[in-house]
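Novice: Provided herewith: query_19.pdb, PDB, C-alpha atoms.
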```pdb
ATOM      1  CA  MET W   4      57.897 -29.775  40.734
ATOM      2  CA  LYS W   5      55.281 -32.321  39.963
ATOM      3  CA  LYS W   6      52.773 -29.545  39.248
ATOM      4  CA  ALA W   7      54.765 -28.134  36.354
ATOM      5  CA  PRO W   8      54.599 -31.307  34.208
ATOM      6  CA  ALA W   9      50.869 -31.596  34.903
ATOM      7  CA  ALA W  10      50.287 -28.045  33.646
ATOM      8  CA  LYS W  11      52.053 -28.709  30.335
ATOM      9  CA  PRO W  12      49.620 -31.397  29.142
ATOM     10  CA  ALA W  13      46.691 -29.075  29.923
ATOM     11  CA  ALA W  14      48.055 -26.421  27.549
ATOM     12  CA  PRO W  15      48.135 -28.732  24.499
ATOM     13  CA  ALA W  16      44.552 -29.756  25.248
ATOM     14  CA  LYS W  17      43.468 -26.114  24.905
ATOM     15  CA  LYS W  18      45.230 -25.847  21.558
ATOM     16  CA  ALA W  19      43.363 -28.898  20.319
ATOM     17  CA  VAL W  20      40.059 -27.326  21.387
ATOM     18  CA  ALA W  21      40.979 -24.095  19.615
ATOM     19  CA  ALA W  22      41.817 -26.020  16.451
ATOM     20  CA  LYS W  23      38.392 -27.673  16.291
ATOM     21  CA  PRO W  24      36.339 -24.452  15.726
ATOM     22  CA  ALA W  25      38.615 -23.435  12.844
ATOM     23  CA  PRO W  26      37.484 -26.339  10.621
ATOM     24  CA  ALA W  27      33.878 -25.403  11.400
ATOM     25  CA  LYS W  28      34.566 -21.912  10.048
ATOM     26  CA  LYS W  29      36.089 -23.422   6.920
ATOM     27  CA  ALA W  30      32.965 -25.520   6.412
ATOM     28  CA  ALA W  31      30.800 -22.420   6.750
ATOM     29  CA  ALA W  32      33.054 -20.600   4.305
ATOM     30  CA  ALA W  33      32.696 -23.473   1.859
ATOM     31  CA  LYS W  34      28.908 -23.064   1.949
ATOM     32  CA  LYS W  35      29.029 -19.330   1.133
ATOM     33  CA  PRO W  36      30.682 -19.687  -2.309
ATOM     34  CA  ALA W  37      27.804 -21.933  -3.349
ATOM     35  CA  ALA W  38      25.424 -19.021  -2.729
ATOM     36  CA  ALA W  39      27.668 -16.504  -4.518
ATOM     37  CA  PRO W  40      27.048 -17.822  -8.075
ATOM     38  CA  VAL W  41      23.309 -17.282  -7.578
ATOM     39  CA  ALA W  42      23.958 -13.596  -6.909
ATOM     40  CA  GLU W  43      26.142 -13.338 -10.024
ATOM     41  CA  LYS W  44      23.340 -14.576 -12.277
ATOM     42  CA  SER W  45      21.120 -11.563 -11.583
ATOM     43  CA  PRO W  46      23.233  -8.395 -11.396
ATOM     44  CA  LYS W  47      20.977  -5.363 -11.124
ATOM     45  CA  PRO W  48      21.708  -2.603 -13.634
ATOM     46  CA  VAL W  49      22.250   0.796 -12.087
ATOM     47  CA  LYS W  50      19.273   3.018 -12.813
ATOM     48  CA  GLN W  51      19.954   6.611 -13.690
ATOM     49  CA  LYS W  52      18.161   9.241 -11.692
ATOM     50  CA  LEU W  53      15.400  10.871 -13.727
ATOM     51  CA  VAL W  54      14.940  14.633 -13.605
ATOM     52  CA  ARG W  55      11.633  16.288 -14.384
ATOM     53  CA  ASP W  56      11.831  19.701 -16.022
ATOM     54  CA  SER W  57       9.588  22.059 -17.950
ATOM     55  CA  PHE W  58      10.485  24.670 -20.523
ATOM     56  CA  THR W  59       8.938  27.018 -23.051
ATOM     57  CA  MET W  60       9.116  26.420 -26.791
ATOM     58  CA  PRO W  61       7.424  28.049 -29.762
ATOM     59  CA  SER W  62       4.341  26.272 -31.087
ATOM     60  CA  SER W  63       6.192  25.623 -34.360
ATOM     61  CA  ASP W  64       8.694  23.461 -32.445
ATOM     62  CA  PHE W  65       5.842  21.501 -30.868
ATOM     63  CA  ALA W  66       4.436  20.971 -34.368
ATOM     64  CA  LEU W  67       7.865  19.712 -35.433
ATOM     65  CA  ILE W  68       7.832  17.240 -32.533
ATOM     66  CA  ASP W  69       4.412  15.995 -33.648
ATOM     67  CA  SER W  70       5.624  15.519 -37.226
ATOM     68  CA  LEU W  71       8.668  13.573 -35.993
ATOM     69  CA  LYS W  72       6.405  11.368 -33.874
ATOM     70  CA  GLU W  73       4.314  10.662 -36.992
ATOM     71  CA  ARG W  74       7.468   9.763 -38.941
ATOM     72  CA  ALA W  75       8.457   7.330 -36.208
ATOM     73  CA  LEU W  76       5.016   5.723 -36.405
ATOM     74  CA  GLY W  77       5.662   5.234 -40.129
ATOM     75  CA  PHE W  78       8.358   2.678 -39.309
ATOM     76  CA  ARG W  79       6.309   1.283 -36.403
ATOM     77  CA  ARG W  80       8.266   2.863 -33.579
ATOM     78  CA  PRO W  81       5.915   4.739 -31.236
ATOM     79  CA  THR W  82       7.990   7.566 -29.795
ATOM     80  CA  LYS W  83       7.529   9.862 -26.838
ATOM     81  CA  LYS W  84       8.408  13.531 -26.820
ATOM     82  CA  SER W  85      11.181  12.917 -24.299
ATOM     83  CA  GLU W  86      12.711  10.243 -26.556
ATOM     84  CA  LEU W  87      12.825  12.697 -29.456
ATOM     85  CA  LEU W  88      14.475  15.322 -27.265
ATOM     86  CA  ARG W  89      17.034  12.802 -25.995
ATOM     87  CA  ALA W  90      17.800  11.637 -29.550
ATOM     88  CA  GLY W  91      18.223  15.277 -30.560
ATOM     89  CA  LEU W  92      20.671  15.815 -27.712
ATOM     90  CA  GLN W  93      22.703  12.827 -28.867
ATOM     91  CA  ALA W  94      22.755  14.220 -32.404
ATOM     92  CA  LEU W  95      23.834  17.662 -31.138
ATOM     93  CA  ALA W  96      26.583  16.134 -29.014
ATOM     94  CA  ALA W  97      28.041  14.505 -32.141
ATOM     95  CA  LEU W  98      28.395  17.872 -33.932
ATOM     96  CA  THR W  99      31.613  19.843 -34.135
ATOM     97  CA  ASP W 100      31.787  23.175 -32.310
ATOM     98  CA  ALA W 101      31.256  25.087 -35.559
ATOM     99  CA  GLN W 102      28.219  22.966 -36.493
ATOM    100  CA  LEU W 103      26.726  23.355 -33.018
ATOM    101  CA  GLN W 104      27.285  27.109 -33.127
ATOM    102  CA  ALA W 105      25.540  27.311 -36.518
ATOM    103  CA  ALA W 106      22.596  25.238 -35.245
ATOM    104  CA  LEU W 107      22.201  27.463 -32.189
ATOM    105  CA  ALA W 108      22.500  30.627 -34.297
ATOM    106  CA  SER W 109      19.618  29.456 -36.491
ATOM    107  CA  LEU W 110      17.212  29.407 -33.520
ATOM    108  CA  GLU W 111      14.894  32.292 -32.741
ATOM    109  CA  PRO W 112      15.733  33.788 -29.311
ATOM    110  CA  LEU W 113      12.977  33.358 -26.706
ATOM    111  CA  LYS W 114      11.998  35.396 -23.692
ATOM    112  CA  THR W 115      12.740  33.592 -20.451
ATOM    113  CA  GLY W 116      10.028  32.781 -17.942
ATOM    114  CA  ARG W 117       6.455  31.601 -18.206
ATOM    115  CA  PRO W 118       4.128  33.014 -20.839
ATOM    116  CA  ARG W 119       1.261  35.213 -19.642
ATOM    117  CA  LYS W 120      -2.065  33.589 -18.960
ATOM    118  CA  GLU W 121      -4.716  34.708 -21.412
ATOM    119  CA  GLY W 122      -8.124  35.659 -20.141
TER
END
```
Could you express the structure from this file as structure tokens?

Specialist:
Amino acid sequence: MKKAPAAKPAAPAKKAVAAKPAPAKKAAAAKKPAAAPVAEKSPKPVKQKLVRDSFTMPSSDFALIDSLKERALGFRRPTKKSELLRAGLQALAALTDAQLQAALASLEPLKTGRPRKEG
């Protein structure tokens, strides 16, 4: 029976050892929040995926793009062709269905596919 009381003090000693690593984890956890504010200062904006595409347009529409680019230079805003097309899409998206239908009806229908090579 003497062995049973000796075993009981050994069990509390193990609990004390197990309790010591827990404060070490808390100290490590306390260090991590200090690093978290640094990450919050520089959030990276999500970049949209860019899609490259080609299409056929009448030469009169290309001339219209050039004239719009010249207008943009008039108020000192150099503009790319893609920016004009994107701005046009935003303007079309703001139209009502009837206005969009009228704008599409005013366009000359084009043949699909690539134009023939001359020569």

Novice: Which residue out of W:Leu98, W:Leu87, W:Ala105, W:Leu113 has the minimum interatomic distance to W:Glu73 when only C-alpha atoms are used?

Specialist: W:Leu87

Novice: Just how far from atom CA of W:Ala94 is atom CA of W:Pro61, in Å to one decimal?

Specialist: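 Rounded to one decimal, the two atoms are 20.8 Å apart.
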
Novice: What is the distance, in Å and to one decimal place, between atom CA of W:Leu92 and atom CA of W:Thr115?

Specialist: 20.8 Å

Novice: If I take atom CA of W:Met60 and atom CA of W:Leu88, how far is one from the other in Å, to one decimal?

Specialist: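 Atom-to-atom, atom CA of W:Met60 and atom CA of W:Leu88 are spaced 12.3 Å apart.
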
Novice: Compare W:Ala108, W:Leu95, W:Ile68, W:Glu121 by their minimum atom-to-atom distance to W:Thr82, counting all atoms listed in the file, and give me the closest one.

Specialist: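 Looking only at the distances to W:Thr82, the closest residue turns out to be W:Ile68.
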
Novice: For this file, the PyMOL selection byres ((chain W and resi 84) around 12) selects which residues, as a compact mmCIF listing (two decimals) with C-alpha atoms, in the coordinates of the input?

Specialist:
```
# COMPACT_ATOMS: atom_id res chain seq x y z
CA ASP W 64 8.69 23.46 -32.44
CA PHE W 65 5.84 21.50 -30.87
CA ALA W 66 4.44 20.97 -34.37
CA LEU W 67 7.86 19.71 -35.43
CA ILE W 68 7.83 17.24 -32.53
CA ASP W 69 4.41 16.00 -33.65
CA SER W 70 5.62 15.52 -37.23
CA LEU W 71 8.67 13.57 -35.99
CA LYS W 72 6.40 11.37 -33.87
CA GLU W 73 4.31 10.66 -36.99
CA ALA W 75 8.46 7.33 -36.21
CA PRO W 81 5.92 4.74 -31.24
CA THR W 82 7.99 7.57 -29.80
CA LYS W 83 7.53 9.86 -26.84
CA SER W 85 11.18 12.92 -24.30
CA GLU W 86 12.71 10.24 -26.56
CA LEU W 87 12.82 12.70 -29.46
CA LEU W 88 14.48 15.32 -27.26
CA ARG W 89 17.03 12.80 -26.00
CA ALA W 90 17.80 11.64 -29.55
CA GLY W 91 18.22 15.28 -30.56
```
